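Raw final.cif, mmCIF, C-alpha atoms:
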data_start
loop_
_atom_site.label_atom_id
_atom_site.label_comp_id
_atom_site.auth_asym_id
_atom_site.auth_seq_id
_atom_site.Cartn_x
_atom_site.Cartn_y
_atom_site.Cartn_z
CA MET S 1 199.45 216.77 56.09
CA HIS S 2 200.38 213.22 57.12
CA LYS S 3 201.93 211.25 54.28
CA PRO S 4 201.83 207.44 54.26
CA LYS S 5 205.03 205.47 54.73
CA ILE S 6 206.01 203.54 51.59
CA LEU S 7 208.08 200.36 51.40
CA LEU S 8 210.18 199.89 48.27
CA THR S 9 211.55 196.44 47.45
CA GLY S 10 214.37 196.26 44.95
CA ALA S 11 215.19 199.66 46.41
CA THR S 12 218.84 199.72 45.39
CA GLY S 13 218.08 198.65 41.80
CA LYS S 14 217.45 200.59 38.61
CA THR S 15 213.84 201.64 39.23
CA GLY S 16 213.72 201.28 43.01
CA SER S 17 216.44 203.81 43.79
CA ALA S 18 214.99 206.35 41.34
CA THR S 19 211.52 205.87 42.87
CA ALA S 20 212.94 206.35 46.37
CA LEU S 21 214.54 209.67 45.43
CA LEU S 22 211.33 210.94 43.83
CA LEU S 23 209.23 210.04 46.87
CA LEU S 24 211.74 211.46 49.35
CA LYS S 25 211.89 214.70 47.37
CA SER S 26 208.10 214.92 47.68
CA GLY S 27 208.25 214.44 51.44
CA TYR S 28 207.12 210.80 51.69
CA PRO S 29 208.71 208.59 54.35
CA VAL S 30 210.44 205.71 52.57
CA ARG S 31 211.61 202.35 53.88
CA ALA S 32 214.02 200.76 51.44
CA PHE S 33 214.16 196.94 51.45
CA ALA S 34 217.66 195.81 50.44
CA HIS S 35 219.11 192.29 50.39
CA ARG S 36 222.44 193.60 51.68
CA ALA S 37 223.98 196.82 52.97
CA ASP S 38 226.37 198.42 50.50
CA GLY S 39 227.20 201.75 48.91
CA ARG S 40 223.83 201.92 47.18
CA SER S 41 221.88 201.50 50.42
CA ASP S 42 224.23 203.99 52.10
CA ALA S 43 223.34 206.55 49.39
CA LEU S 44 219.61 206.01 50.00
CA ARG S 45 220.11 206.39 53.75
CA ALA S 46 221.99 209.64 53.14
CA ALA S 47 219.03 210.84 51.04
CA GLY S 48 216.67 210.21 53.95
CA ALA S 49 215.41 206.65 53.46
CA GLU S 50 215.11 204.12 56.27
CA ILE S 51 217.02 200.96 55.31
CA PHE S 52 215.72 197.46 56.01
CA VAL S 53 218.11 194.61 55.17
CA GLY S 54 216.53 191.21 54.71
CA SER S 55 215.50 188.39 52.40
CA MET S 56 212.40 188.43 50.21
CA GLU S 57 212.30 184.66 50.73
CA ASP S 58 211.84 185.01 54.49
CA PRO S 59 208.19 185.65 55.52
CA ILE S 60 209.31 187.07 58.88
CA HIS S 61 211.61 189.58 57.18
CA VAL S 62 208.81 190.63 54.82
CA ARG S 63 206.29 191.00 57.65
CA ASP S 64 208.75 193.03 59.73
CA ALA S 65 209.52 195.28 56.76
CA LEU S 66 205.81 196.07 56.39
CA VAL S 67 205.24 197.13 60.01
CA GLY S 68 203.99 200.73 60.00
CA VAL S 69 203.83 200.84 56.19
CA GLN S 70 200.71 201.87 54.23
CA ARG S 71 201.81 201.42 50.60
CA ALA S 72 204.46 199.38 48.81
CA TYR S 73 206.34 198.82 45.57
CA PHE S 74 207.06 195.18 44.72
CA CYS S 75 210.01 194.77 42.37
CA ALA S 76 211.36 191.24 42.13
CA PRO S 77 214.87 190.67 40.74
CA LEU S 78 215.42 188.84 37.45
CA GLU S 79 216.37 185.58 39.13
CA PRO S 80 214.73 182.25 39.99
CA GLY S 81 211.92 182.17 42.55
CA ILE S 82 209.95 185.26 41.52
CA LEU S 83 206.56 183.55 41.96
CA ARG S 84 207.52 182.35 45.44
CA LYS S 85 208.70 185.84 46.41
CA ALA S 86 205.54 187.45 44.98
CA THR S 87 203.24 185.09 46.86
CA THR S 88 205.13 185.63 50.12
CA PHE S 89 204.88 189.38 49.67
CA ALA S 90 201.19 189.35 48.68
CA VAL S 91 200.29 187.32 51.79
CA ALA S 92 202.24 189.67 54.07
CA ALA S 93 200.83 192.77 52.34
CA GLN S 94 197.30 191.49 52.83
CA GLU S 95 197.98 190.76 56.51
CA ALA S 96 199.38 194.29 56.91
CA LYS S 97 196.24 195.72 55.28
CA LEU S 98 198.19 197.86 52.83
CA GLU S 99 196.31 200.50 50.87
CA VAL S 100 197.99 199.50 47.60
CA VAL S 101 200.87 197.54 46.13
CA VAL S 102 202.42 198.78 42.88
CA VAL S 103 203.84 195.74 41.09
CA LEU S 104 206.63 195.84 38.50
CA SER S 105 205.98 193.23 35.84
CA GLN S 106 207.24 193.32 32.23
CA TRP S 107 206.22 193.84 28.62
CA LEU S 108 206.33 190.20 27.45
CA VAL S 109 204.24 188.60 30.24
CA ASP S 110 202.22 185.73 28.84
CA ALA S 111 200.97 182.40 30.19
CA THR S 112 202.82 180.40 27.51
CA HIS S 113 205.99 182.42 26.92
CA LEU S 114 209.21 180.49 26.30
CA SER S 115 210.80 182.44 29.15
CA VAL S 116 209.93 181.00 32.57
CA HIS S 117 210.46 184.50 33.97
CA ALA S 118 207.78 185.95 31.67
CA ARG S 119 205.41 183.10 32.55
CA GLU S 120 205.97 183.54 36.27
CA LYS S 121 205.45 187.28 36.03
CA TYR S 122 202.14 186.55 34.32
CA LEU S 123 201.21 184.32 37.25
CA MET S 124 202.54 186.92 39.69
CA GLY S 125 200.00 189.36 38.30
CA ARG S 126 197.22 186.88 38.96
CA VAL S 127 198.41 186.41 42.56
CA PHE S 128 198.09 190.12 43.30
CA GLU S 129 194.76 190.33 41.47
CA TRP S 130 193.31 187.42 43.43
CA ALA S 131 194.56 188.48 46.88
CA PRO S 132 191.38 189.44 48.74
CA GLU S 133 191.21 192.98 50.09
CA LEU S 134 194.55 193.90 48.51
CA ASP S 135 194.51 196.57 45.80
CA SER S 136 197.27 196.68 43.22
CA VAL S 137 198.56 198.56 40.18
CA THR S 138 200.72 196.84 37.55
CA ILE S 139 203.59 198.44 35.63
CA ASN S 140 204.77 196.61 32.47
CA PRO S 141 207.85 198.34 31.00
CA GLY S 142 209.55 197.05 27.88
CA TRP S 143 213.21 196.99 26.86
CA PHE S 144 214.90 199.61 29.09
CA ALA S 145 217.05 202.34 27.55
CA ASP S 146 219.61 201.28 30.15
CA ASN S 147 220.07 197.94 28.33
CA TYR S 148 221.74 199.57 25.32
CA MET S 149 224.47 200.95 27.56
CA THR S 150 226.04 197.49 27.86
CA ALA S 151 227.57 198.25 24.45
CA LEU S 152 228.83 201.72 25.37
CA ASP S 153 232.52 200.82 25.43
CA SER S 154 232.51 199.39 21.88
CA ILE S 155 230.26 202.24 20.74
CA SER S 156 232.69 204.82 22.11
CA GLN S 157 235.94 203.09 21.20
CA PHE S 158 235.14 201.42 17.86
CA GLY S 159 232.05 203.25 16.61
CA VAL S 160 230.06 200.00 16.48
CA MET S 161 226.85 199.15 18.35
CA ALA S 162 226.95 195.36 18.09
CA LEU S 163 223.72 193.96 19.53
CA PRO S 164 221.43 191.11 18.34
CA LEU S 165 218.34 193.24 17.77
CA GLY S 166 217.55 192.41 14.15
CA SER S 167 215.39 195.20 12.76
CA GLY S 168 213.12 195.32 15.82
CA LEU S 169 211.59 198.60 16.92
CA ASN S 170 211.48 199.88 20.50
CA ALA S 171 210.46 203.04 22.35
CA PRO S 172 212.97 202.73 25.20
CA PRO S 173 211.98 204.16 28.60
CA SER S 174 214.52 205.51 31.07
CA ASN S 175 214.83 204.11 34.58
CA GLU S 176 213.73 207.53 35.80
CA ASP S 177 210.56 207.57 33.69
CA ILE S 178 209.57 204.10 34.89
CA ALA S 179 210.15 205.40 38.42
CA ARG S 180 207.88 208.39 37.70
CA VAL S 181 205.07 206.00 36.79
CA VAL S 182 205.67 203.89 39.91
CA ALA S 183 205.79 206.98 42.14
CA GLY S 184 202.68 208.44 40.49
CA ALA S 185 200.72 205.27 41.23
CA LEU S 186 201.98 205.20 44.83
CA VAL S 187 201.14 208.85 45.48
CA HIS S 188 197.66 208.74 43.85
CA PRO S 189 196.59 205.08 44.04
CA GLU S 190 192.88 205.97 43.95
CA LEU S 191 193.31 206.92 40.28
CA HIS S 192 195.06 203.74 39.24
CA ILE S 193 193.94 200.76 41.34
CA GLY S 194 193.20 197.70 39.21
CA LYS S 195 194.90 199.17 36.14
CA SER S 196 198.08 198.27 34.29
CA TYR S 197 200.42 200.66 32.49
CA ARG S 198 203.19 200.15 29.94
CA PRO S 199 205.68 203.04 30.20
CA THR S 200 207.71 203.75 27.08
CA GLY S 201 209.82 206.48 25.60
CA PRO S 202 208.21 208.99 23.23
CA LYS S 203 209.22 207.43 19.90
CA LEU S 204 209.74 204.09 18.23
CA LEU S 205 213.36 203.72 17.15
CA SER S 206 215.14 201.22 14.94
CA PRO S 207 218.58 199.92 15.99
CA GLU S 208 220.10 202.06 13.25
CA GLU S 209 218.42 205.17 14.65
CA ILE S 210 219.65 204.35 18.16
CA ALA S 211 223.22 203.95 16.83
CA SER S 212 222.88 207.25 14.99
CA ILE S 213 221.86 209.01 18.22
CA PHE S 214 224.97 207.68 19.94
CA GLY S 215 227.02 208.95 16.99
CA LYS S 216 225.45 212.41 17.26
CA ILE S 217 226.32 212.58 20.94
CA LEU S 218 229.88 211.33 20.45
CA GLY S 219 230.48 213.51 17.41
CA ARG S 220 231.51 210.60 15.19
CA LYS S 221 229.79 207.90 13.16
CA VAL S 222 228.41 204.91 15.02
CA GLN S 223 227.23 201.94 12.98
CA TYR S 224 224.74 199.31 14.07
CA SER S 225 225.92 195.73 13.64
CA ASP S 226 223.30 193.00 14.02
CA ALA S 227 225.45 190.71 16.15
CA PRO S 228 224.80 186.95 16.14
CA LEU S 229 222.69 186.10 19.17
CA ASN S 230 225.07 183.31 20.16
CA LEU S 231 228.01 185.75 20.21
CA PHE S 232 226.07 188.12 22.44
CA LEU S 233 225.34 185.29 24.88
CA LYS S 234 229.07 184.48 24.93
CA PHE S 235 229.70 188.13 25.80
CA ALA S 236 227.01 187.97 28.52
CA ARG S 237 228.71 184.95 30.04
CA ALA S 238 232.14 186.59 29.78
CA ILE S 239 231.01 189.63 31.79
CA GLY S 240 229.53 187.42 34.48
CA LEU S 241 225.78 187.49 33.90
CA SER S 242 224.01 184.64 35.69
CA ASP S 243 223.04 181.46 33.84
CA PHE S 244 219.39 182.19 34.63
CA LEU S 245 219.57 185.67 33.12
CA ILE S 246 221.35 184.36 30.01
CA VAL S 247 218.60 181.80 29.37
CA GLN S 248 215.89 184.46 29.77
CA LEU S 249 217.76 186.97 27.60
CA HIS S 250 217.79 184.49 24.73
CA SER S 251 213.97 184.48 24.59
CA PHE S 252 213.67 188.24 25.18
CA LEU S 253 216.06 189.01 22.33
CA LEU S 254 214.22 186.67 19.97
CA ASP S 255 211.08 188.67 20.75
CA TYR S 256 212.99 191.92 20.19
CA GLN S 257 214.04 190.68 16.75
CA ARG S 258 210.41 189.83 16.00
CA GLY S 259 209.34 193.39 16.83
CA SER S 260 207.43 192.60 20.04
CA PHE S 261 208.70 195.65 21.92
CA GLY S 262 207.28 197.88 19.22
CA ILE S 263 203.75 196.44 19.32
CA GLY S 264 201.42 198.91 21.00
CA ALA S 265 204.22 201.43 21.53
CA PRO S 266 204.73 204.24 22.27
CA THR S 267 202.23 204.81 25.07
CA ASN S 268 201.28 207.87 27.13
CA ALA S 269 201.78 206.14 30.51
CA VAL S 270 204.66 208.35 31.66
CA LEU S 271 202.62 211.51 31.14
CA GLU S 272 199.33 210.02 32.34
CA VAL S 273 200.66 208.52 35.57
CA GLY S 274 204.04 210.14 36.08
CA GLY S 275 202.94 213.65 35.19
CA ALA S 276 205.77 214.44 32.77
CA GLU S 277 206.62 213.92 29.13
CA PRO S 278 208.89 210.88 28.70
CA GLU S 279 212.57 211.51 28.09
CA SER S 280 213.89 211.18 24.56
CA PHE S 281 216.55 208.54 23.95
CA ASP S 282 218.90 211.39 23.03
CA ALA S 283 218.53 212.88 26.53
CA ILE S 284 218.93 209.50 28.23
CA ALA S 285 222.01 208.52 26.23
CA ARG S 286 223.66 211.92 26.80
CA ARG S 287 223.34 211.39 30.55
CA TYR S 288 225.01 207.99 30.34
CA VAL S 289 227.75 209.10 27.97
CA THR S 290 228.57 212.09 30.18
CA HIS S 291 229.10 209.83 33.20
CA SER S 292 230.68 206.90 31.40
CA PRO S 293 234.39 206.10 31.88
CA PHE S 294 234.39 204.89 28.25
CA PHE S 295 233.35 208.23 26.80
CA LYS S 296 236.79 209.32 25.61
CA ARG S 297 238.57 207.37 22.90
CA THR S 298 242.07 206.61 24.19
CA PRO S 299 244.64 203.87 23.43
CA SER S 300 244.23 202.32 26.89
CA LEU S 301 240.41 202.27 26.68
CA MET S 302 240.52 200.88 23.15
CA ALA S 303 242.90 198.14 24.31
CA ALA S 304 240.59 197.31 27.24
CA ALA S 305 237.55 197.15 24.96
CA ALA S 306 239.45 194.94 22.50
CA TRP S 307 240.48 192.63 25.36
CA ARG S 308 236.86 192.30 26.51
CA MET S 309 235.79 191.46 22.97
CA ALA S 310 238.55 188.87 22.62
CA LYS S 311 237.56 187.36 25.97
CA ALA S 312 233.94 187.09 24.79
CA ILE S 313 234.98 185.40 21.53
CA ALA S 314 237.12 182.91 23.47
CA THR S 315 234.35 182.15 25.98
CA PRO S 316 232.48 178.90 25.23
CA ALA S 317 228.95 179.44 23.97
CA PRO S 318 226.37 178.60 26.64
CA ASP S 319 224.35 175.43 26.06
CA LEU S 320 220.92 176.83 26.91
CA GLU S 321 219.23 173.42 27.15
CA LYS S 322 221.84 172.15 29.61
CA LEU S 323 221.69 175.34 31.66
CA ALA S 324 217.90 175.15 31.89
CA ASP S 325 218.03 171.47 32.86
CA ARG S 326 220.71 172.08 35.49
CA MET S 327 218.64 174.88 37.06
CA GLY S 328 215.49 172.77 36.94
CA LEU S 329 213.62 175.31 34.81
CA PRO S 330 210.28 173.88 33.68
CA LYS S 331 209.54 173.40 29.98
CA ILE S 332 206.08 173.54 28.47
CA ALA S 333 204.88 171.80 25.32
CA HIS S 334 203.12 174.88 23.96
CA GLY S 335 205.74 177.53 24.71
CA ASN S 336 206.02 180.43 22.28
CA LEU S 337 207.28 183.96 21.93
CA ALA S 338 205.00 186.89 22.68
CA ALA S 339 205.07 187.69 18.97
CA ASP S 340 203.38 184.36 18.26
CA SER S 341 200.78 184.55 21.03
CA PRO S 342 197.34 185.73 19.85
CA THR S 343 196.40 186.50 23.47
CA TRP S 344 199.48 188.64 24.03
CA ARG S 345 199.17 190.46 20.72
CA ALA S 346 195.52 191.26 21.44
CA SER S 347 196.47 192.75 24.81
CA HIS S 348 199.03 195.03 23.14
CA GLY S 349 196.90 196.19 20.24
#

Translate the structure described by the file into structure tokens.
Amino acid sequence: MHKPKILLTGATGKTGSATALLLLKSGYPVRAFAHRADGRSDALRAAGAEIFVGSMEDPIHVRDALVGVQRAYFCAPLEPGILRKATTFAVAAQEAKLEVVVVLSQWLVDATHLSVHAREKYLMGRVFEWAPELDSVTINPGWFADNYMTALDSISQFGVMALPLGSGLNAPPSNEDIARVVAGALVHPELHIGKSYRPTGPKLLSPEEIASIFGKILGRKVQYSDAPLNLFLKFARAIGLSDFLIVQLHSFLLDYQRGSFGIGAPTNAVLEVGGAEPESFDAIARRYVTHSPFFKRTPSLMAAAAWRMAKAIATPAPDLEKLADRMGLPKIAHGNLAADSPTWRASHG
């Protein structure tokens, strides 16, 4: 039976690469759109994917990438210009007469969110909805399980999970489970066109419970420390996260502290669309710990973790207002968190 060719943007990223492997394993021809050739694209090529290197900002690149393609996954990076990229892709997808585009959005999308990224993803959804003769499916994951792994060195070396999460609850999905939902919608679009899904893990967890799971895996006590948000942003800057990402993270973490990622969670999207029960956080964390270079507690690793912490403390705190002004990020008079938006809360009831 002929299987449609599928284009994956963001193909070397967290969900794109996992989606590519699932589709290739099922016998679907995959074209992977990458912004540069590197080891990640080489791994996809070795797995059987066709690699297309180009810019999502270039309409000619996008049109060329869609030649001979019937379905696509649109996954925009967390960087400026998402609405421009989405519109460029939607126009090209419509011209190519695609059967369906599966669009990765996010949990906090709202027209008035403090985060410009969340606002633009809200508008991105409208662009794909309004595109005539272009069918789409929207995937809105929350706070990824992968995000907790940024603290894995201090968790392993010092027994402390220091993150600014307050007492917020979350049902963290794995990259692989999000990919299962994306792949399920691409393989059977007729069941999902016009719908949106919010993949989560199977259980709401507090930060203390997440720390306890890490402790169980490591065989020693791990304590959750509700780190000051400003200190975490210093750490983010010290490890080289972009100014744009730092500004967006500030709003996302405020929503985490307010419990937004727990509202309407957990869901059955992974089972309903992906065809499998979602992974437990225990299973996800075990996989990361097993492959982490920080797993063993040694003097050299402890010294390296201590140096990274000292570097973060010495790093100047980012001035979020100045960063936003320098990047030309728009401000709105009625901006709010998802937790304070009646419209958003109603959509997640």

Sorted per-residue table, range 56-138 of chain S near range 21-27 of chain S, closest atoms and distance, 12 Å, only C-alpha atoms, as JSON lines:
{"residue": "S:Arg71", "atom": "CA", "partner": "S:Leu23", "partner_atom": "CA", "distance": 12.0}
{"residue": "S:Ala72", "atom": "CA", "partner": "S:Leu23", "partner_atom": "CA", "distance": 11.8}
{"residue": "S:Tyr73", "atom": "CA", "partner": "S:Leu23", "partner_atom": "CA", "distance": 11.7}

**Prompt:** What's the 12 Å shell around Met302 in chain S, counting all atoms listed in the file, without same-chain residues fewer than 3 positions away, as a list of chain:residue names?
**Reply:** S:Leu152, S:Asp153, S:Ser154, S:Ile155, S:Ser156, S:Gln157, S:Phe158, S:Gly159, S:Pro293, S:Phe294, S:Phe295, S:Lys296, S:Arg297, S:Thr298, S:Pro299, S:Ala305, S:Ala306, S:Trp307, S:Arg308, S:Met309

Taking the file as shown, what set of residues would the PyMOL selection byres ((chain S and resi 85-92) around 8) give back, as a CSV table (one decimal) with C-alpha atoms, in the frame of the given file?
chain,number,residue,atom,x,y,z
S,56,MET,CA,212.4,188.4,50.2
S,57,GLU,CA,212.3,184.7,50.7
S,59,PRO,CA,208.2,185.6,55.5
S,62,VAL,CA,208.8,190.6,54.8
S,63,ARG,CA,206.3,191.0,57.6
S,66,LEU,CA,205.8,196.1,56.4
S,74,PHE,CA,207.1,195.2,44.7
S,76,ALA,CA,211.4,191.2,42.1
S,81,GLY,CA,211.9,182.2,42.6
S,82,ILE,CA,210.0,185.3,41.5
S,83,LEU,CA,206.6,183.6,42.0
S,84,ARG,CA,207.5,182.4,45.4
S,93,ALA,CA,200.8,192.8,52.3
S,94,GLN,CA,197.3,191.5,52.8
S,95,GLU,CA,198.0,190.8,56.5
S,96,ALA,CA,199.4,194.3,56.9
S,124,MET,CA,202.5,186.9,39.7
S,127,VAL,CA,198.4,186.4,42.6
S,128,PHE,CA,198.1,190.1,43.3
S,131,ALA,CA,194.6,188.5,46.9

**Prompt:** If you apply the PyMOL selection byres ((chain S and resi 34) around 9) to this file, what residues do you get, as a PyMOL selection string?
**Reply:** chain S and resi 8-12+32-33+35-37+41+51-55

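The residue set within 8 Å of range 160-169 of chain S, counting only C-alpha atoms and dropping same-chain residues fewer than 6 places from it, reads Ala151, Leu152, Ser154, Leu204, Leu205, Ser206, Pro207, Ala211, Val222, Gln223, Tyr224, Ser225, Asp226, Ala227, Pro228, Leu229, Phe232, Leu253, Tyr256, Gln257, Arg258, Gly259, Ser260, Phe261 and Gly262 of chain S.
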
**Request:** Please write as a ChimeraX atom specification the full residue list that the PyMOL selection byres ((chain S and resi 246-248) around 9) yields on this file.
**Result:** /S:78,114-118,233,236-237,241-245,249-253,318,320-321,323-324

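Across the structure, CA of Ser196 in chain S and CA of Ala47 in chain S are spaced 29.6 Å apart.
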
For range 136-146 of chain S, which lacks atoms in the input, supply all heavy atoms and format the output as a PDB file, keeping the file's coordinate frame.
ATOM      1  N   SER S 136     195.972 196.625  43.881  1.00  0.00           N
ATOM      2  CA  SER S 136     197.270 196.680  43.220  1.00  0.00           C
ATOM      3  C   SER S 136     197.198 197.458  41.915  1.00  0.00           C
ATOM      4  O   SER S 136     196.125 197.636  41.328  1.00  0.00           O
ATOM      5  CB  SER S 136     197.812 195.271  42.962  1.00  0.00           C
ATOM      6  OG  SER S 136     196.960 194.555  42.080  1.00  0.00           O
ATOM      7  N   VAL S 137     198.365 197.911  41.476  1.00  0.00           N
ATOM      8  CA  VAL S 137     198.560 198.560  40.180  1.00  0.00           C
ATOM      9  C   VAL S 137     199.747 197.860  39.527  1.00  0.00           C
ATOM     10  O   VAL S 137     200.741 197.561  40.200  1.00  0.00           O
ATOM     11  CB  VAL S 137     198.876 200.064  40.331  1.00  0.00           C
ATOM     12  CG1 VAL S 137     198.986 200.731  38.961  1.00  0.00           C
ATOM     13  CG2 VAL S 137     197.838 200.761  41.201  1.00  0.00           C
ATOM     14  N   THR S 138     199.660 197.579  38.230  1.00  0.00           N
ATOM     15  CA  THR S 138     200.720 196.840  37.550  1.00  0.00           C
ATOM     16  C   THR S 138     201.434 197.736  36.540  1.00  0.00           C
ATOM     17  O   THR S 138     200.798 198.445  35.763  1.00  0.00           O
ATOM     18  CB  THR S 138     200.143 195.615  36.813  1.00  0.00           C
ATOM     19  OG1 THR S 138     199.424 194.806  37.752  1.00  0.00           O
ATOM     20  CG2 THR S 138     201.252 194.792  36.185  1.00  0.00           C
ATOM     21  N   ILE S 139     202.759 197.678  36.562  1.00  0.00           N
ATOM     22  CA  ILE S 139     203.590 198.440  35.630  1.00  0.00           C
ATOM     23  C   ILE S 139     204.349 197.444  34.756  1.00  0.00           C
ATOM     24  O   ILE S 139     205.071 196.583  35.261  1.00  0.00           O
ATOM     25  CB  ILE S 139     204.599 199.350  36.374  1.00  0.00           C
ATOM     26  CG1 ILE S 139     203.903 200.125  37.507  1.00  0.00           C
ATOM     27  CG2 ILE S 139     205.272 200.293  35.389  1.00  0.00           C
ATOM     28  CD1 ILE S 139     202.819 201.070  37.054  1.00  0.00           C
ATOM     29  N   ASN S 140     204.174 197.550  33.422  1.00  0.00           N
ATOM     30  CA  ASN S 140     204.770 196.610  32.470  1.00  0.00           C
ATOM     31  C   ASN S 140     205.722 197.321  31.502  1.00  0.00           C
ATOM     32  O   ASN S 140     205.369 197.555  30.340  1.00  0.00           O
ATOM     33  CB  ASN S 140     203.685 195.905  31.657  1.00  0.00           C
ATOM     34  CG  ASN S 140     202.801 195.002  32.484  1.00  0.00           C
ATOM     35  OD1 ASN S 140     203.286 194.284  33.341  1.00  0.00           O
ATOM     36  ND2 ASN S 140     201.503 195.047  32.249  1.00  0.00           N
ATOM     37  N   PRO S 141     206.925 197.676  31.934  1.00  0.00           N
ATOM     38  CA  PRO S 141     207.850 198.340  31.000  1.00  0.00           C
ATOM     39  C   PRO S 141     208.435 197.350  30.002  1.00  0.00           C
ATOM     40  O   PRO S 141     208.466 196.138  30.242  1.00  0.00           O
ATOM     41  CB  PRO S 141     208.940 198.891  31.933  1.00  0.00           C
ATOM     42  CG  PRO S 141     208.931 197.953  33.100  1.00  0.00           C
ATOM     43  CD  PRO S 141     207.503 197.509  33.274  1.00  0.00           C
ATOM     44  N   GLY S 142     208.923 197.892  28.894  1.00  0.00           N
ATOM     45  CA  GLY S 142     209.550 197.050  27.880  1.00  0.00           C
ATOM     46  C   GLY S 142     211.057 197.028  28.022  1.00  0.00           C
ATOM     47  O   GLY S 142     211.597 196.982  29.124  1.00  0.00           O
ATOM     48  N   TRP S 143     211.747 197.066  26.882  1.00  0.00           N
ATOM     49  CA  TRP S 143     213.210 196.990  26.860  1.00  0.00           C
ATOM     50  C   TRP S 143     213.772 198.336  27.310  1.00  0.00           C
ATOM     51  O   TRP S 143     213.662 199.333  26.628  1.00  0.00           O
ATOM     52  CB  TRP S 143     213.686 196.644  25.460  1.00  0.00           C
ATOM     53  CG  TRP S 143     215.125 196.263  25.347  1.00  0.00           C
ATOM     54  CD1 TRP S 143     216.157 197.089  25.048  1.00  0.00           C
ATOM     55  CD2 TRP S 143     215.684 194.957  25.509  1.00  0.00           C
ATOM     56  NE1 TRP S 143     217.334 196.395  25.021  1.00  0.00           N
ATOM     57  CE2 TRP S 143     217.074 195.074  25.300  1.00  0.00           C
ATOM     58  CE3 TRP S 143     215.144 193.701  25.813  1.00  0.00           C
ATOM     59  CZ2 TRP S 143     217.934 193.979  25.375  1.00  0.00           C
ATOM     60  CZ3 TRP S 143     216.006 192.614  25.898  1.00  0.00           C
ATOM     61  CH2 TRP S 143     217.382 192.767  25.670  1.00  0.00           C
ATOM     62  N   PHE S 144     214.408 198.369  28.491  1.00  0.00           N
ATOM     63  CA  PHE S 144     214.900 199.610  29.090  1.00  0.00           C
ATOM     64  C   PHE S 144     215.950 200.283  28.197  1.00  0.00           C
ATOM     65  O   PHE S 144     216.776 199.609  27.568  1.00  0.00           O
ATOM     66  CB  PHE S 144     215.557 199.345  30.439  1.00  0.00           C
ATOM     67  CG  PHE S 144     214.641 198.963  31.562  1.00  0.00           C
ATOM     68  CD1 PHE S 144     213.413 198.354  31.335  1.00  0.00           C
ATOM     69  CD2 PHE S 144     215.011 199.200  32.872  1.00  0.00           C
ATOM     70  CE1 PHE S 144     212.586 197.991  32.391  1.00  0.00           C
ATOM     71  CE2 PHE S 144     214.204 198.847  33.939  1.00  0.00           C
ATOM     72  CZ  PHE S 144     212.984 198.241  33.698  1.00  0.00           C
ATOM     73  N   ALA S 145     215.970 201.604  28.214  1.00  0.00           N
ATOM     74  CA  ALA S 145     217.050 202.340  27.550  1.00  0.00           C
ATOM     75  C   ALA S 145     218.397 201.947  28.150  1.00  0.00           C
ATOM     76  O   ALA S 145     219.426 201.895  27.456  1.00  0.00           O
ATOM     77  CB  ALA S 145     216.816 203.844  27.690  1.00  0.00           C
ATOM     78  N   ASP S 146     218.400 201.673  29.435  1.00  0.00           N
ATOM     79  CA  ASP S 146     219.610 201.280  30.150  1.00  0.00           C
ATOM     80  C   ASP S 146     220.292 200.067  29.512  1.00  0.00           C
ATOM     81  O   ASP S 146     221.521 199.934  29.567  1.00  0.00           O
ATOM     82  CB  ASP S 146     219.225 200.981  31.606  1.00  0.00           C
ATOM     83  CG  ASP S 146     220.394 200.622  32.485  1.00  0.00           C
ATOM     84  OD1 ASP S 146     221.003 201.536  33.053  1.00  0.00           O
ATOM     85  OD2 ASP S 146     220.690 199.417  32.609  1.00  0.00           O
TER      86      ASP S 146
END
